[in-house]
$ cat model_5.cif   # mmCIF, C-alpha atoms and all ligand atoms
data_coords
loop_
_atom_site.label_atom_id
_atom_site.label_comp_id
_atom_site.auth_asym_id
_atom_site.auth_seq_id
_atom_site.Cartn_x
_atom_site.Cartn_y
_atom_site.Cartn_z
CA MET A 1 106.87 92.60 79.59
CA ASN A 2 109.09 94.17 82.22
CA GLY A 3 109.80 91.70 84.96
CA SER A 4 113.38 90.80 84.49
CA GLU A 5 115.86 93.42 83.40
CA ARG A 6 118.78 91.03 83.34
CA VAL A 7 121.60 91.45 80.89
CA ARG A 8 120.03 90.69 77.55
CA ALA A 9 121.88 89.24 74.63
CA ASP A 10 120.13 91.56 72.19
CA ASP A 11 121.01 94.77 74.09
CA GLY A 12 124.40 94.97 72.42
CA ALA A 13 122.84 94.35 69.01
CA LEU A 14 120.26 97.10 69.52
CA VAL A 15 122.94 99.57 70.59
CA ALA A 16 125.02 98.67 67.53
CA ARG A 17 122.03 99.38 65.28
CA LEU A 18 121.47 102.72 67.02
CA ILE A 19 125.11 103.68 66.55
CA ALA A 20 124.80 102.69 62.88
CA GLY A 21 121.84 105.09 62.67
CA GLU A 22 119.21 102.52 61.70
CA ALA A 23 115.92 104.46 61.96
CA ARG A 24 113.83 101.50 63.09
CA ALA A 25 116.11 100.83 66.05
CA PHE A 26 115.17 104.20 67.56
CA GLY A 27 111.49 103.29 67.48
CA GLU A 28 112.27 100.00 69.19
CA LEU A 29 114.27 101.80 71.86
CA VAL A 30 111.37 104.17 72.52
CA ASP A 31 108.90 101.26 72.66
CA ARG A 32 111.01 99.38 75.12
CA PHE A 33 111.98 102.14 77.51
CA HIS A 34 110.15 105.45 77.27
CA ALA A 35 107.01 104.54 79.24
CA ARG A 36 109.10 102.83 81.91
CA MET A 37 111.41 105.86 82.13
CA VAL A 38 108.45 108.18 82.69
CA ARG A 39 107.09 105.84 85.35
CA LEU A 40 110.44 105.72 87.14
CA ALA A 41 110.96 109.49 86.85
CA MET A 42 107.60 109.99 88.56
CA GLY A 43 109.16 108.24 91.53
CA PHE A 44 111.86 110.90 91.76
CA VAL A 45 110.04 114.15 91.04
CA ALA A 46 106.72 115.46 92.13
CA ASP A 47 104.80 116.13 88.95
CA ARG A 48 104.38 114.70 85.50
CA GLY A 49 105.84 117.73 83.71
CA ALA A 50 109.03 117.56 85.72
CA ALA A 51 109.21 113.80 85.18
CA GLU A 52 108.98 114.24 81.42
CA GLU A 53 111.76 116.82 81.50
CA VAL A 54 113.96 114.39 83.42
CA VAL A 55 113.21 111.77 80.77
CA GLN A 56 114.09 114.21 77.96
CA ASP A 57 117.39 115.03 79.72
CA THR A 58 118.01 111.32 80.07
CA TRP A 59 117.38 110.63 76.38
CA LEU A 60 119.90 113.30 75.45
CA VAL A 61 122.57 111.75 77.67
CA VAL A 62 121.74 108.28 76.37
CA MET A 63 121.93 109.41 72.75
CA THR A 64 125.26 111.21 73.18
CA GLY A 65 126.68 108.39 75.30
CA LEU A 66 125.71 105.27 73.36
CA GLU A 67 129.33 104.50 72.56
CA GLY A 68 129.94 104.25 76.30
CA PHE A 69 127.52 101.36 76.80
CA GLU A 70 129.70 98.35 77.49
CA GLY A 71 127.06 95.74 78.19
CA ARG A 72 128.21 95.10 81.75
CA SER A 73 124.67 95.75 82.90
CA SER A 74 121.49 95.49 80.90
CA LEU A 75 120.62 98.45 78.70
CA GLY A 76 117.65 99.17 80.98
CA THR A 77 119.81 99.29 84.09
CA TRP A 78 122.25 101.58 82.28
CA ILE A 79 119.45 103.94 81.23
CA PHE A 80 117.81 103.92 84.67
CA ARG A 81 121.13 104.84 86.28
CA ILE A 82 121.46 107.83 83.96
CA LEU A 83 117.86 108.80 84.74
CA ALA A 84 118.46 108.68 88.50
CA ASN A 85 121.52 110.91 88.06
CA ARG A 86 119.56 113.38 85.94
CA ALA A 87 116.79 113.48 88.54
CA ARG A 88 119.32 114.16 91.30
CA THR A 89 121.11 116.85 89.30
CA ARG A 90 117.81 118.55 88.67
CA ALA A 91 116.91 118.41 92.35
CA VAL A 92 120.21 120.00 93.33
CA ARG A 93 119.77 122.71 90.71
CA GLU A 94 116.30 123.53 91.94
CA ARG A 95 117.37 123.12 95.58
CA ARG A 96 114.35 121.02 96.17
CA THR A 97 113.93 118.48 98.88
CA VAL A 98 113.57 115.26 96.98
CA PRO A 99 112.36 111.87 98.05
CA PHE A 100 115.69 110.11 98.05
CA SER A 101 117.22 112.61 100.44
CA ALA A 102 115.11 110.56 102.83
CA LEU A 103 116.64 107.36 101.47
CA GLY A 104 119.42 107.78 104.01
CA ASP A 105 118.01 105.75 106.85
CA GLY A 106 114.58 104.57 105.80
CA ALA A 107 113.65 104.47 109.44
CA GLU A 108 111.04 107.21 109.41
CA ASP A 109 108.36 104.70 108.53
CA GLY A 110 108.90 101.76 110.79
CA ASP A 111 105.38 100.40 110.91
CA SER A 112 104.76 97.45 108.65
CA GLY A 113 101.07 97.72 109.49
CA LEU A 114 100.96 94.10 110.61
CA GLY A 115 101.48 94.65 114.32
CA ALA A 116 97.80 94.57 115.19
CA ARG A 117 97.44 91.15 113.64
CA PHE A 118 99.48 89.28 116.25
CA ASP A 119 98.70 88.40 119.85
CA GLY A 120 100.95 89.15 122.82
CA VAL A 121 103.30 86.25 122.06
CA GLY A 122 103.62 86.91 118.33
CA HIS A 123 101.13 84.41 116.97
CA TRP A 124 98.59 85.41 114.35
CA SER A 125 95.40 86.72 115.93
CA THR A 126 94.13 87.83 112.50
CA PRO A 127 95.77 85.36 110.12
CA PRO A 128 96.26 86.05 106.39
CA ARG A 129 92.96 85.65 104.58
CA ALA A 130 92.84 83.10 101.78
CA TRP A 131 92.95 84.81 98.37
CA SER A 132 90.32 84.14 95.75
CA GLU A 133 93.20 84.08 93.27
CA GLU A 134 96.90 83.55 93.99
CA ASP A 135 98.17 82.83 90.49
CA PRO A 136 100.11 86.00 89.49
CA GLU A 137 99.17 85.70 85.83
CA ARG A 138 95.49 85.62 86.69
CA VAL A 139 95.72 88.33 89.34
CA CYS A 140 97.14 90.55 86.59
CA LEU A 141 94.01 90.04 84.51
CA ARG A 142 91.85 91.48 87.27
CA ARG A 143 91.62 95.16 86.51
CA GLU A 144 90.38 96.09 89.96
CA ALA A 145 93.15 94.18 91.71
CA MET A 146 95.70 95.99 89.57
CA GLU A 147 94.09 99.34 90.35
CA VAL A 148 94.22 98.55 94.05
CA LEU A 149 97.89 97.68 93.68
CA GLY A 150 98.56 100.88 91.74
CA ARG A 151 96.95 103.01 94.43
CA ALA A 152 98.90 101.18 97.14
CA MET A 153 102.12 101.88 95.20
CA ASP A 154 101.21 105.57 94.95
CA ALA A 155 100.59 105.67 98.69
CA LEU A 156 104.07 104.34 99.58
CA PRO A 157 106.72 106.73 100.87
CA ALA A 158 108.83 107.75 97.85
CA ASN A 159 111.94 105.87 98.96
CA GLN A 160 110.03 102.61 99.36
CA ARG A 161 108.28 103.13 96.03
CA LEU A 162 111.57 103.67 94.19
CA VAL A 163 113.12 100.55 95.65
CA VAL A 164 110.14 98.30 94.92
CA MET A 165 109.79 99.84 91.46
CA LEU A 166 113.37 99.07 90.47
CA ARG A 167 113.64 95.75 92.24
CA ASP A 168 110.25 94.10 91.67
CA VAL A 169 108.54 96.02 88.88
CA GLU A 170 111.66 96.46 86.72
CA GLY A 171 113.41 93.35 88.00
CA LEU A 172 116.85 94.79 88.70
CA GLU A 173 119.34 93.00 90.94
CA SER A 174 119.63 94.34 94.48
CA ASP A 175 123.22 95.56 93.99
CA GLU A 176 122.08 97.50 90.92
CA VAL A 177 119.27 99.10 92.93
CA CYS A 178 121.70 100.06 95.72
CA ASN A 179 124.02 101.58 93.16
CA ILE A 180 121.31 103.55 91.34
CA LEU A 181 119.62 104.87 94.49
CA GLU A 182 122.84 105.24 96.50
CA VAL A 183 121.60 103.24 99.46
CA SER A 184 123.23 100.50 101.45
CA GLU A 185 122.29 96.86 100.93
CA THR A 186 120.66 96.76 104.36
CA ASN A 187 118.62 99.91 103.78
CA GLN A 188 117.52 98.65 100.43
CA ARG A 189 116.24 95.46 101.99
CA VAL A 190 114.43 97.30 104.77
CA LEU A 191 112.72 99.61 102.28
CA LEU A 192 111.85 96.71 100.00
CA HIS A 193 110.45 94.76 102.93
CA ARG A 194 108.19 97.58 104.07
CA ALA A 195 106.95 98.20 100.57
CA ARG A 196 106.23 94.53 99.83
CA THR A 197 104.50 94.09 103.18
CA LYS A 198 102.09 96.93 102.46
CA LEU A 199 101.49 95.84 98.89
CA ARG A 200 100.64 92.29 99.97
CA THR A 201 98.22 93.70 102.52
CA ALA A 202 96.59 95.84 99.81
CA LEU A 203 96.10 92.79 97.60
CA GLU A 204 94.77 90.83 100.57
CA GLU A 205 92.16 93.47 101.21
CA HIS A 206 90.97 93.08 97.66
CA LEU A 207 91.48 89.36 97.03
CA GLY A 208 91.01 88.03 100.57
CA MET B 1 111.68 79.10 117.94
CA LEU B 2 110.52 81.95 115.73
CA THR B 3 107.13 83.56 116.25
CA CYS B 4 104.73 84.32 113.39
CA ALA B 5 105.44 88.04 113.84
CA GLU B 6 109.16 87.35 113.43
CA VAL B 7 108.55 85.23 110.36
CA THR B 8 106.69 88.09 108.66
CA GLU B 9 109.58 90.43 109.51
CA LEU B 10 112.15 87.99 108.09
CA VAL B 11 110.28 87.05 104.94
CA THR B 12 112.16 89.48 102.67
CA SER B 13 115.57 88.36 103.95
CA TYR B 14 114.44 84.81 103.30
CA LEU B 15 113.26 85.50 99.77
CA GLU B 16 116.41 87.51 99.04
CA GLY B 17 118.58 84.63 100.19
CA GLN B 18 120.15 86.87 102.82
CA MET B 19 119.63 84.63 105.83
CA ALA B 20 122.27 82.72 107.76
CA TRP B 21 121.67 78.98 107.55
CA ARG B 22 120.70 78.60 111.21
CA ARG B 23 118.05 81.29 110.80
CA ARG B 24 116.92 79.70 107.58
CA MET B 25 116.46 76.35 109.32
CA ALA B 26 114.40 77.99 112.06
CA PHE B 27 112.35 79.82 109.43
CA ARG B 28 111.63 76.61 107.53
CA LEU B 29 110.84 74.74 110.72
CA HIS B 30 108.23 77.36 111.57
CA LEU B 31 106.75 77.18 108.07
CA GLY B 32 106.48 73.41 108.39
CA MET B 33 104.26 73.82 111.41
CA CYS B 34 102.29 76.98 110.62
CA LYS B 35 99.83 77.10 107.74
CA HIS B 36 99.16 80.82 108.29
CA CYS B 37 102.80 81.70 107.72
CA ARG B 38 102.89 79.34 104.73
CA ALA B 39 99.94 81.25 103.27
CA TYR B 40 101.68 84.53 104.06
CA LEU B 41 104.88 83.48 102.28
CA ARG B 42 102.90 82.21 99.28
CA GLN B 43 100.98 85.48 99.01
CA MET B 44 104.18 87.47 99.35
CA LYS B 45 105.71 85.53 96.45
CA SER B 46 102.57 86.15 94.39
CA THR B 47 102.70 89.86 95.19
CA VAL B 48 106.30 90.09 93.96
CA LYS B 49 105.43 88.24 90.75
CA VAL B 50 102.38 90.43 90.13
CA LEU B 51 104.58 93.52 90.58
CA GLY B 52 106.88 92.19 87.85
CA ARG B 53 103.94 92.26 85.47
CA VAL B 54 102.65 95.77 86.10
CA PRO B 55 102.72 97.52 82.71
CA ALA B 56 103.73 101.17 82.31
CA ASP B 57 101.23 103.48 80.59
CA PRO B 58 102.18 103.21 76.92
CA ILE B 59 103.37 106.24 74.98
CA PRO B 60 100.74 107.51 72.48
CA PRO B 61 101.65 106.39 68.91
CA GLU B 62 101.97 109.92 67.50
CA LEU B 63 104.38 110.93 70.28
CA ARG B 64 106.29 107.71 69.79
CA ASP B 65 107.22 108.43 66.18
CA ASP B 66 108.00 112.04 66.96
CA LEU B 67 110.29 111.04 69.84
CA ALA B 68 112.06 108.43 67.72
CA ARG B 69 112.77 111.15 65.13
CA ARG B 70 114.10 113.49 67.80
CA LEU B 71 116.42 110.78 69.08
CA VAL B 72 117.83 110.34 65.57
CA ALA B 73 118.39 114.12 65.44
CA MET B 74 120.19 114.05 68.81
CA ARG B 75 122.59 111.48 67.37
CA LYS B 76 123.23 113.52 64.22
CA LYS B 77 123.91 116.69 66.19
CA ASP B 78 126.38 114.77 68.30
CA GLY B 79 128.11 113.11 65.34
ZN ZN C 1 103.44 81.31 111.91
#

$ encode --input "model_5.cif" --output "structure tokens"
Amino acid sequence: MNGSERVRADDGALVARLIAGEARAFGELVDRFHARMVRLAMGFVADRGAAEEVVQDTWLVVMTGLEGFEGRSSLGTWIFRILANRARTRAVRERRTVPFSALGDGAEDGDSGLGARFDGVGHWSTPPRAWSEEDPERVCLRREAMEVLGRAMDALPANQRLVVMLRDVEGLESDEVCNILEVSETNQRVLLHRARTKLRTALEEHLG
Amino acid sequence: MLTCAEVTELVTSYLEGQMAWRRRMAFRLHLGMCKHCRAYLRQMKSTVKVLGRVPADPIPPELRDDLARRLVAMRKKDG
């Protein structure tokens, strides 16, 4: 499960086994991170092929830099930081306008979509609908709800999607997200807020 | 006194623990009196928890073993 990418006690042990060249450790590393790396890379670059190239670049840097992992962050956070740098390097090389060039102010999408739900004095005119299921574990078992959520994620502006992906889906700390995406604490919170607001609304439309 | 609209705008600051105590008191006071905003906060917390459980598409098994082998090779080339 993803959820919480806090510093893990076994990260150091896994890295030690990789450095020692234990074959099984490489399989474990792939199992734990590859799919999540591809998912994150898709947040940076437009298409799947480019995302997979970014992930391959990242693996190479990770493999040649294992000795540099000091365990100050979790292994996942360390890998995601490398991935973000690879994605940026690639964007510069290809002189492409990339999503996080818009990460600068985050103000281009100021509408939370909730405005129409309040009356003139800021009270709910269309209050939140009760959900048929609020327990996160059980919401996750509803395939349709998860599809709705996935589509809502895809529809987010790229900068909001990257922030909510790292913060909520991968469970990184906010200072780690700021560092990886090179945004200020305030901008990170604004982007996170807009993303979460829209994602709650999407779930409400399905569960409410 | 905060309005419901303001509460929905402040909800992330609240959940992130980034609110000055006076604001936080006003926020909680509003929640105490407004069941709609209580529902909103509850649903927002659920949304965040659901997001933490979204799985990534798994790598196909045959690619997995192949990739693991290539990673070993990357190490050897380096060493
Ligand atoms: Zn209210």

$ interface_residues --input "model_5.cif" --of "chain B" --to "chain A" --cutoff "8 Å" --atoms "all atoms listed in the file" --output "PyMOL selection string"
chain B and resi 3-6+9+11-13+36-37+39-40+43-44+46-59+64-65+67-69+71-72+74-75+78

$ closest_residue --input "model_5.cif" --among "A:Ala91, A:Leu75, A:Val177, A:Leu191" --to "Val54 (chain A)" --atoms "all atoms listed in the file"
A:Ala91

$ atom_distance --input "model_5.cif" --atom1 "CA of Val45 (chain A)" --atom2 "CA of Arg81 (chain A)"
15.2 Å

$ closest_residue --input "model_5.cif" --among "B:Arg22, B:His30, B:Leu15, B:Glu62" --to "ligand ZN 1 (chain C)" --atoms "all atoms listed in the file"
B:His30

$ closest_residue --input "model_5.cif" --among "A:Ser74, A:Glu176, A:Arg93, A:Asn159" --to "Ala195 (chain A)" --atoms "all atoms listed in the file"
A:Asn159

$ atom_distance --input "model_5.cif" --atom1 "CA of Ala20 (chain B)" --atom2 "CA of Glu185 (chain A)"
15.7 Å

$ atom_distance --input "model_5.cif" --atom1 "CA of Gly76 (chain A)" --atom2 "CA of Ala73 (chain B)"
21.6 Å

$ axis_aligned_box --input "model_5.cif" --around "region 26-42 of chain B" --padding-each-side "4 Å" --output "lines of an AutoDock Vina configuration file"
center_x = 106.8
center_y = 79.0
center_z = 105.7
size_x = 23.2
size_y = 19.1
size_z = 20.8

$ closest_residue --input "model_5.cif" --among "B:Ala26, B:Leu63, B:Met19, B:Val7" --to "ligand ZN 1 (chain C)" --atoms "all atoms listed in the file"
B:Val7
